[in-house]
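Asks: Pasting protein_17.cif here (mmCIF, C-alpha atoms):
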```
data_input
loop_
_atom_site.group_PDB
_atom_site.id
_atom_site.type_symbol
_atom_site.label_atom_id
_atom_site.label_comp_id
_atom_site.auth_asym_id
_atom_site.auth_seq_id
_atom_site.Cartn_x
_atom_site.Cartn_y
_atom_site.Cartn_z
ATOM 1 C CA GLU A 563 -22.903 38.800 42.941
ATOM 2 C CA ALA A 564 -21.778 35.175 42.931
ATOM 3 C CA GLN A 565 -19.015 34.732 40.415
ATOM 4 C CA VAL A 566 -15.823 33.050 39.327
ATOM 5 C CA THR A 567 -13.238 35.559 38.139
ATOM 6 C CA GLN A 568 -10.334 34.682 35.868
ATOM 7 C CA ASN A 569 -7.438 36.890 34.860
ATOM 8 C CA PRO A 570 -6.212 37.646 32.336
ATOM 9 C CA ARG A 571 -8.969 37.144 29.784
ATOM 10 C CA TYR A 572 -6.532 37.108 26.891
ATOM 11 C CA LEU A 573 -2.792 36.539 26.755
ATOM 12 C CA ILE A 574 -0.311 36.151 23.942
ATOM 13 C CA THR A 575 3.112 35.018 25.066
ATOM 14 C CA VAL A 576 6.161 33.081 23.923
ATOM 15 C CA THR A 577 7.392 29.572 24.518
ATOM 16 C CA GLY A 578 9.134 29.080 27.843
ATOM 17 C CA LYS A 579 7.995 32.247 29.596
ATOM 18 C CA LYS A 580 6.328 31.268 32.860
ATOM 19 C CA LEU A 581 2.785 32.477 33.302
ATOM 20 C CA THR A 582 0.005 32.285 35.877
ATOM 21 C CA VAL A 583 -3.717 32.488 35.294
ATOM 22 C CA THR A 584 -5.574 33.477 38.428
ATOM 23 C CA CYS A 585 -8.982 32.215 39.477
ATOM 24 C CA SER A 586 -11.021 33.476 42.380
ATOM 25 C CA GLN A 587 -14.523 32.593 43.595
ATOM 26 C CA ASN A 588 -16.656 34.415 46.150
ATOM 27 C CA MET A 589 -19.111 31.629 46.966
ATOM 28 C CA ASN A 590 -17.096 29.795 49.615
ATOM 29 C CA HIS A 591 -17.050 26.720 47.382
ATOM 30 C CA GLU A 592 -14.883 23.782 48.376
ATOM 31 C CA TYR A 593 -14.408 22.322 44.901
ATOM 32 C CA MET A 594 -12.483 24.155 42.183
ATOM 33 C CA SER A 595 -11.271 22.996 38.843
ATOM 34 C CA TRP A 596 -9.424 24.000 35.677
ATOM 35 C CA TYR A 597 -10.397 22.931 32.160
ATOM 36 C CA ARG A 598 -9.075 23.543 28.710
ATOM 37 C CA GLN A 599 -11.410 23.704 25.744
ATOM 38 C CA ASP A 600 -10.191 22.741 22.299
ATOM 39 C CA PRO A 601 -12.257 22.394 19.099
ATOM 40 C CA GLY A 602 -13.675 18.912 18.710
ATOM 41 C CA LEU A 603 -12.410 17.787 22.101
ATOM 42 C CA GLY A 604 -14.834 19.543 24.415
ATOM 43 C CA LEU A 605 -13.611 20.432 27.899
ATOM 44 C CA ARG A 606 -10.878 18.412 29.447
ATOM 45 C CA GLN A 607 -10.086 18.666 33.120
ATOM 46 C CA ILE A 608 -6.530 19.701 33.965
ATOM 47 C CA TYR A 609 -6.513 19.752 37.772
ATOM 48 C CA TYR A 610 -9.083 19.920 40.488
ATOM 49 C CA SER A 611 -9.112 20.709 44.190
ATOM 50 C CA MET A 612 -11.428 19.291 46.789
ATOM 51 C CA ASN A 613 -10.469 21.889 49.385
ATOM 52 C CA VAL A 614 -7.555 23.946 50.675
ATOM 53 C CA GLU A 615 -4.238 22.133 50.192
ATOM 54 C CA VAL A 616 -5.996 19.219 48.446
ATOM 55 C CA THR A 617 -5.385 19.006 44.701
ATOM 56 C CA ASP A 618 -5.399 16.167 42.187
ATOM 57 C CA LYS A 619 -4.707 15.591 38.525
ATOM 58 C CA GLY A 620 -7.464 15.612 35.974
ATOM 59 C CA ASP A 621 -7.235 14.068 32.535
ATOM 60 C CA VAL A 622 -4.593 16.373 31.016
ATOM 61 C CA PRO A 623 -2.266 17.644 33.788
ATOM 62 C CA GLU A 624 1.047 17.541 31.911
ATOM 63 C CA GLY A 625 2.735 20.928 31.722
ATOM 64 C CA TYR A 626 0.538 22.536 34.384
ATOM 65 C CA LYS A 627 0.725 23.173 38.105
ATOM 66 C CA VAL A 628 -1.853 24.426 40.574
ATOM 67 C CA SER A 629 -1.994 25.454 44.200
ATOM 68 C CA ARG A 630 -4.803 25.954 46.677
ATOM 69 C CA LYS A 631 -3.476 27.919 49.618
ATOM 70 C CA GLU A 632 -6.765 29.721 50.225
ATOM 71 C CA LYS A 633 -10.290 28.533 49.660
ATOM 72 C CA ARG A 634 -11.194 31.291 47.220
ATOM 73 C CA ASN A 635 -8.136 31.124 44.922
ATOM 74 C CA PHE A 636 -6.952 28.415 42.555
ATOM 75 C CA PRO A 637 -4.224 29.679 40.207
ATOM 76 C CA LEU A 638 -3.085 27.735 37.157
ATOM 77 C CA ILE A 639 0.648 27.871 36.505
ATOM 78 C CA LEU A 640 2.416 27.114 33.251
ATOM 79 C CA GLU A 641 6.094 26.874 34.194
ATOM 80 C CA SER A 642 7.375 26.563 30.630
ATOM 81 C CA PRO A 643 4.522 27.107 28.189
ATOM 82 C CA SER A 644 4.596 25.453 24.798
ATOM 83 C CA PRO A 645 2.509 26.045 21.652
ATOM 84 C CA ASN A 646 0.378 22.944 22.312
ATOM 85 C CA GLN A 647 -0.954 24.708 25.384
ATOM 86 C CA THR A 648 -2.601 27.340 23.214
ATOM 87 C CA SER A 649 -6.231 26.970 24.207
ATOM 88 C CA LEU A 650 -9.255 28.436 25.943
ATOM 89 C CA TYR A 651 -9.104 27.842 29.692
ATOM 90 C CA PHE A 652 -11.977 27.814 32.141
ATOM 91 C CA CYS A 653 -11.937 27.826 35.906
ATOM 92 C CA ALA A 654 -14.981 26.507 37.741
ATOM 93 C CA SER A 655 -16.159 26.004 41.294
ATOM 94 C CA SER A 656 -18.954 24.192 43.112
ATOM 95 C CA PRO A 657 -19.977 23.651 46.745
ATOM 96 C CA THR A 658 -18.804 20.030 46.563
ATOM 97 C CA PHE A 659 -17.448 17.890 43.755
ATOM 98 C CA ASN A 660 -20.822 16.442 42.730
ATOM 99 C CA GLN A 661 -22.704 19.738 42.501
ATOM 100 C CA PRO A 662 -23.152 21.772 39.302
ATOM 101 C CA GLN A 663 -20.197 23.987 38.596
ATOM 102 C CA HIS A 664 -20.079 27.731 38.142
ATOM 103 C CA PHE A 665 -17.733 28.725 35.350
ATOM 104 C CA GLY A 666 -15.567 31.756 34.837
ATOM 105 C CA ASP A 667 -15.610 33.701 31.577
ATOM 106 C CA GLY A 668 -12.516 31.970 30.223
ATOM 107 C CA THR A 669 -8.924 32.862 29.426
ATOM 108 C CA ARG A 670 -7.692 32.600 25.871
ATOM 109 C CA LEU A 671 -3.977 31.776 25.815
ATOM 110 C CA SER A 672 -1.862 31.921 22.687
ATOM 111 C CA ILE A 673 1.678 30.620 23.018
ATOM 112 C CA LEU A 674 3.944 31.385 20.094
ATOM 113 C CA ALA B 1181 -12.131 5.520 33.988
ATOM 114 C CA GLN B 1182 -15.319 7.314 33.087
ATOM 115 C CA SER B 1183 -15.900 8.658 29.586
ATOM 116 C CA VAL B 1184 -18.671 10.482 27.758
ATOM 117 C CA SER B 1185 -19.649 10.229 24.099
ATOM 118 C CA GLN B 1186 -21.694 12.717 22.167
ATOM 119 C CA HIS B 1187 -22.218 11.323 18.704
ATOM 120 C CA ASN B 1188 -23.792 14.363 17.080
ATOM 121 C CA HIS B 1189 -21.038 16.877 16.490
ATOM 122 C CA HIS B 1190 -23.006 19.411 14.496
ATOM 123 C CA VAL B 1191 -26.776 19.627 14.203
ATOM 124 C CA ILE B 1192 -28.677 22.067 12.007
ATOM 125 C CA LEU B 1193 -32.405 22.535 12.583
ATOM 126 C CA SER B 1194 -35.096 24.933 11.528
ATOM 127 C CA GLU B 1195 -37.026 26.861 14.150
ATOM 128 C CA ALA B 1196 -39.880 24.855 15.706
ATOM 129 C CA ALA B 1197 -38.212 21.534 14.913
ATOM 130 C CA SER B 1198 -37.772 19.021 17.699
ATOM 131 C CA LEU B 1199 -34.334 18.364 19.141
ATOM 132 C CA GLU B 1200 -32.704 15.288 20.574
ATOM 133 C CA LEU B 1201 -28.994 15.201 21.363
ATOM 134 C CA GLY B 1202 -27.402 11.923 22.324
ATOM 135 C CA CYS B 1203 -25.137 11.360 25.308
ATOM 136 C CA ASN B 1204 -23.712 8.016 26.412
ATOM 137 C CA TYR B 1205 -21.327 7.449 29.270
ATOM 138 C CA SER B 1206 -19.215 4.577 30.389
ATOM 139 C CA TYR B 1207 -18.957 3.882 34.091
ATOM 140 C CA GLY B 1208 -20.238 0.896 35.962
ATOM 141 C CA GLY B 1209 -21.282 2.618 39.162
ATOM 142 C CA THR B 1210 -23.574 5.420 40.237
ATOM 143 C CA VAL B 1211 -23.190 8.690 38.408
ATOM 144 C CA ASN B 1212 -24.339 12.278 38.463
ATOM 145 C CA LEU B 1213 -25.222 13.599 35.018
ATOM 146 C CA PHE B 1214 -25.290 17.140 33.667
ATOM 147 C CA TRP B 1215 -26.031 19.056 30.517
ATOM 148 C CA TYR B 1216 -24.328 22.409 30.071
ATOM 149 C CA VAL B 1217 -24.857 24.988 27.330
ATOM 150 C CA GLN B 1218 -22.330 27.453 25.958
ATOM 151 C CA TYR B 1219 -23.748 30.350 23.954
ATOM 152 C CA PRO B 1220 -21.371 31.997 21.493
ATOM 153 C CA GLY B 1221 -18.630 33.868 23.315
ATOM 154 C CA GLN B 1222 -19.892 32.937 26.763
ATOM 155 C CA HIS B 1223 -18.963 30.530 29.524
ATOM 156 C CA LEU B 1224 -20.797 27.296 30.254
ATOM 157 C CA GLN B 1225 -24.113 27.385 32.061
ATOM 158 C CA LEU B 1226 -26.019 24.527 33.616
ATOM 159 C CA LEU B 1227 -29.103 23.388 31.692
ATOM 160 C CA LEU B 1228 -30.145 20.515 33.910
ATOM 161 C CA LYS B 1229 -28.823 17.788 36.154
ATOM 162 C CA TYR B 1230 -29.707 14.299 37.309
ATOM 163 C CA PHE B 1231 -28.648 12.902 40.658
ATOM 164 C CA SER B 1232 -31.382 10.374 41.520
ATOM 165 C CA GLY B 1233 -35.138 9.844 41.461
ATOM 166 C CA ASP B 1234 -37.346 10.530 38.439
ATOM 167 C CA PRO B 1235 -35.225 9.720 35.382
ATOM 168 C CA LEU B 1236 -36.958 12.430 33.365
ATOM 169 C CA VAL B 1237 -35.548 15.762 34.443
ATOM 170 C CA LYS B 1238 -36.610 19.203 33.340
ATOM 171 C CA GLY B 1239 -34.253 22.093 33.006
ATOM 172 C CA ILE B 1240 -34.306 25.695 31.997
ATOM 173 C CA LYS B 1241 -35.638 27.083 28.713
ATOM 174 C CA GLY B 1242 -37.874 24.102 28.001
ATOM 175 C CA PHE B 1243 -35.122 21.500 27.876
ATOM 176 C CA GLU B 1244 -35.479 18.059 29.388
ATOM 177 C CA ALA B 1245 -33.361 14.920 29.540
ATOM 178 C CA GLU B 1246 -34.053 11.282 30.222
ATOM 179 C CA PHE B 1247 -31.684 9.013 32.107
ATOM 180 C CA ILE B 1248 -31.869 5.420 30.864
ATOM 181 C CA LYS B 1249 -29.626 3.396 33.116
ATOM 182 C CA SER B 1250 -29.737 0.232 31.018
ATOM 183 C CA LYS B 1251 -28.463 2.154 28.011
ATOM 184 C CA PHE B 1252 -26.009 4.356 29.913
ATOM 185 C CA SER B 1253 -27.654 7.293 28.194
ATOM 186 C CA PHE B 1254 -28.768 10.783 29.127
ATOM 187 C CA ASN B 1255 -30.241 12.318 25.982
ATOM 188 C CA LEU B 1256 -31.263 15.965 25.830
ATOM 189 C CA ARG B 1257 -34.563 16.948 24.232
ATOM 190 C CA LYS B 1258 -36.597 20.002 23.390
ATOM 191 C CA PRO B 1259 -39.951 19.821 21.572
ATOM 192 C CA SER B 1260 -39.552 23.052 19.614
ATOM 193 C CA VAL B 1261 -36.244 24.875 19.208
ATOM 194 C CA GLN B 1262 -35.788 28.587 18.763
ATOM 195 C CA TRP B 1263 -33.098 30.577 17.013
ATOM 196 C CA SER B 1264 -31.813 31.609 20.463
ATOM 197 C CA ASP B 1265 -30.986 27.960 21.222
ATOM 198 C CA THR B 1266 -28.049 28.179 18.830
ATOM 199 C CA ALA B 1267 -25.144 27.146 21.046
ATOM 200 C CA GLU B 1268 -22.830 24.302 21.926
ATOM 201 C CA TYR B 1269 -24.159 21.653 24.274
ATOM 202 C CA PHE B 1270 -22.023 19.509 26.546
ATOM 203 C CA CYS B 1271 -22.948 16.394 28.457
ATOM 204 C CA ALA B 1272 -20.906 15.695 31.601
ATOM 205 C CA VAL B 1273 -20.663 12.977 34.214
ATOM 206 C CA ASN B 1274 -19.033 12.450 37.539
ATOM 207 C CA ALA B 1275 -18.853 9.147 39.280
ATOM 208 C CA ARG B 1276 -19.880 9.173 42.908
ATOM 209 C CA GLY B 1277 -17.542 6.405 43.894
ATOM 210 C CA GLY B 1278 -14.610 7.269 41.728
ATOM 211 C CA ARG B 1279 -12.234 10.162 41.232
ATOM 212 C CA ARG B 1280 -13.690 13.522 42.060
ATOM 213 C CA ALA B 1281 -13.401 14.523 38.424
ATOM 214 C CA LEU B 1282 -16.001 15.806 36.008
ATOM 215 C CA THR B 1283 -15.733 14.387 32.516
ATOM 216 C CA PHE B 1284 -17.237 16.212 29.557
ATOM 217 C CA GLY B 1285 -18.257 14.973 26.158
ATOM 218 C CA SER B 1286 -16.795 16.617 23.083
ATOM 219 C CA GLY B 1287 -19.887 18.763 22.603
ATOM 220 C CA THR B 1288 -22.614 19.190 20.001
ATOM 221 C CA ARG B 1289 -22.864 22.401 18.077
ATOM 222 C CA LEU B 1290 -26.512 23.242 17.421
ATOM 223 C CA GLN B 1291 -27.384 25.731 14.729
ATOM 224 C CA VAL B 1292 -31.019 26.814 14.507
ATOM 225 C CA GLN B 1293 -32.018 28.523 11.314
ATOM 226 C CA PRO B 1294 -34.836 31.097 11.381
#
```
Once you've parsed the file, please lay out its structure as structure tokens.
Replies:
Amino acid sequence: EAQVTQNPRYLITVTGKKLTVTCSQNMNHEYMSWYRQDPGLGLRQIYYSMNVEVTDKGDVPEGYKVSRKEKRNFPLILESPSPNQTSLYFCASSPTFNQPQHFGDGTRLSIL
Amino acid sequence: AQSVSQHNHHVILSEAASLELGCNYSYGGTVNLFWYVQYPGQHLQLLLKYFSGDPLVKGIKGFEAEFIKSKFSFNLRKPSVQWSDTAEYFCAVNARGGRRALTFGSGTRLQVQP
């Protein structure tokens, strides 16, 4: 089954404790992306990747890092999380950047 | 930079009413346009997309959208809504000549009352 898998689905943690949210797709898609969803703001793109070793900033990259060492994986790293990063995060992938995206089920992060 | 505006933040309709949700974008070049739907507790799913050709596009579940280039608009319509259409709807755009980024509107929450 074609899917985008995110882990964990839920996480409560404390300020400053590094965390990684994993994202994996099994569709051999070139384009992958991370979004955060906040009430009234819709989805805002954090980072995206056109292909392996090619990443670029989205609209809200501050406080986040990503890597794309393999085509299927695109982890999101919060080196020093802060409460304003409490949000619902979605990973997505598509064959190329201008194709419809397949979304994961989301990761709800709470940073205290 | 591209941006997307959805002016209706919350819409409440009765079943069988007609629906039109507004979406306007700002970008001077050629764009790809999308409508996504997010049912309660679920991830986003594609409703329909416009790349080129006929500006009236049909999607799943009876939805359609019309691209009006002169108005920079891509409004979503459905002639008769059902209770199961209760969801949040997002318009999105990416610019073919610009950054490889997808920009979403802030979303419209649709509530259909039985």
Asks: Which of these residues is nearest to Tyr1205 (chain B), using only C-alpha atoms: B:Pro1259, B:Gly1285, B:Pro1220, B:Gly1239?
Replies: B:Gly1285
Asks: Starting from chain B, keep only residues with some atom at most 8 Å from an atom of chain A, counting all atoms listed in the file, and report them as a list in words.
Replies: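 The contacting residues on chain B are His1189, Asn1212, Phe1214, Gln1222, His1223, Leu1224, Gln1225, Leu1226, Lys1229, Phe1270, Asn1274, Arg1276, Arg1280, Ala1281, Leu1282, Thr1283, Phe1284, Gly1285, Ser1286 and Gly1287 of chain B.
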Asks: Quote the spacing between CA of Gln1182 (chain B) and CA of Gly1209 (chain B) in Å to one decimal place.
Replies: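 Spanning CA of Gln1182 (chain B) to CA of Gly1209 (chain B) is a straight-line distance of 9.7 Å.
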Asks: Enclose the full set of atoms of region 1228-1241 of chain B listed in the file within a box whose edges lie along x, y and z, apply 4 Å of padding to each of the six sides, and report centre and edge lengths in Å to one decimal as AutoDock Vina command-line options.
Replies:
```
--center_x -33.0 --center_y 18.4 --center_z 35.1 --size_x 16.7 --size_y 25.4 --size_z 20.8
```
Asks: At a cut-off of 12 Å, using only C-alpha atoms, what residues contact Trp1263 (chain B)? Leave out same-chain residues fewer than 3 positions from it and give the result as a PyMOL selection string.
Replies: chain B and resi 1192-1197+1219+1260+1266-1267+1290-1294
Asks: Which residue, B:Val1191, B:Ala1275, B:Leu1201, B:Thr1288, has the smallest gap to Arg1257 (chain B) when you use only C-alpha atoms?
Replies: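 Smallest separation from Arg1257 (chain B) among the options: B:Leu1201.
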Asks: Check which residues satisfy the PyMOL selection byres ((chain B and resi 1242) around 12) in the file shown, then give them as JSON, numbers by chain.
Replies: {"B": [1198, 1199, 1227, 1228, 1237, 1238, 1239, 1240, 1241, 1243, 1244, 1245, 1256, 1257, 1258, 1259, 1260, 1261, 1262, 1265]}
Asks: Using the chain letters and numbers from this file, what does the PyMOL selection byres ((chain A and resi 565) around 9) select? Give the answer as a JSON list (two decimals) with C-alpha atoms, in the coordinates of the input.
Replies:
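As written to disk, out.json reads:
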```
[["chain", "number", "residue", "atom", "x", "y", "z"],
["A", 563, "GLU", "CA", -22.90, 38.80, 42.94],
["A", 564, "ALA", "CA", -21.78, 35.17, 42.93],
["A", 566, "VAL", "CA", -15.82, 33.05, 39.33],
["A", 567, "THR", "CA", -13.24, 35.56, 38.14],
["A", 586, "SER", "CA", -11.02, 33.48, 42.38],
["A", 587, "GLN", "CA", -14.52, 32.59, 43.60],
["A", 588, "ASN", "CA", -16.66, 34.42, 46.15],
["A", 589, "MET", "CA", -19.11, 31.63, 46.97],
["A", 664, "HIS", "CA", -20.08, 27.73, 38.14],
["A", 665, "PHE", "CA", -17.73, 28.72, 35.35],
["A", 666, "GLY", "CA", -15.57, 31.76, 34.84]]
```
Asks: Could you tell me, as a ChimeraX atom specification, exactly which residues end up selected when the PyMOL selection byres ((chain A and resi 645) around 6) is applied to this structure?
Replies: /A:644,646-648,673-674
Asks: Please list as a PyMOL selection string every residue within 10 Å of Pro1235 (chain B), counting only C-alpha atoms and excluding residues in the same chain fewer than 4 positions away.
Replies: chain B and resi 1230-1231+1245-1249+1254
Asks: Would you compute the distance between CA of Arg598 (chain A) and CA of Leu650 (chain A)? Give it in Å to one decimal.
Replies: 5.6 Å
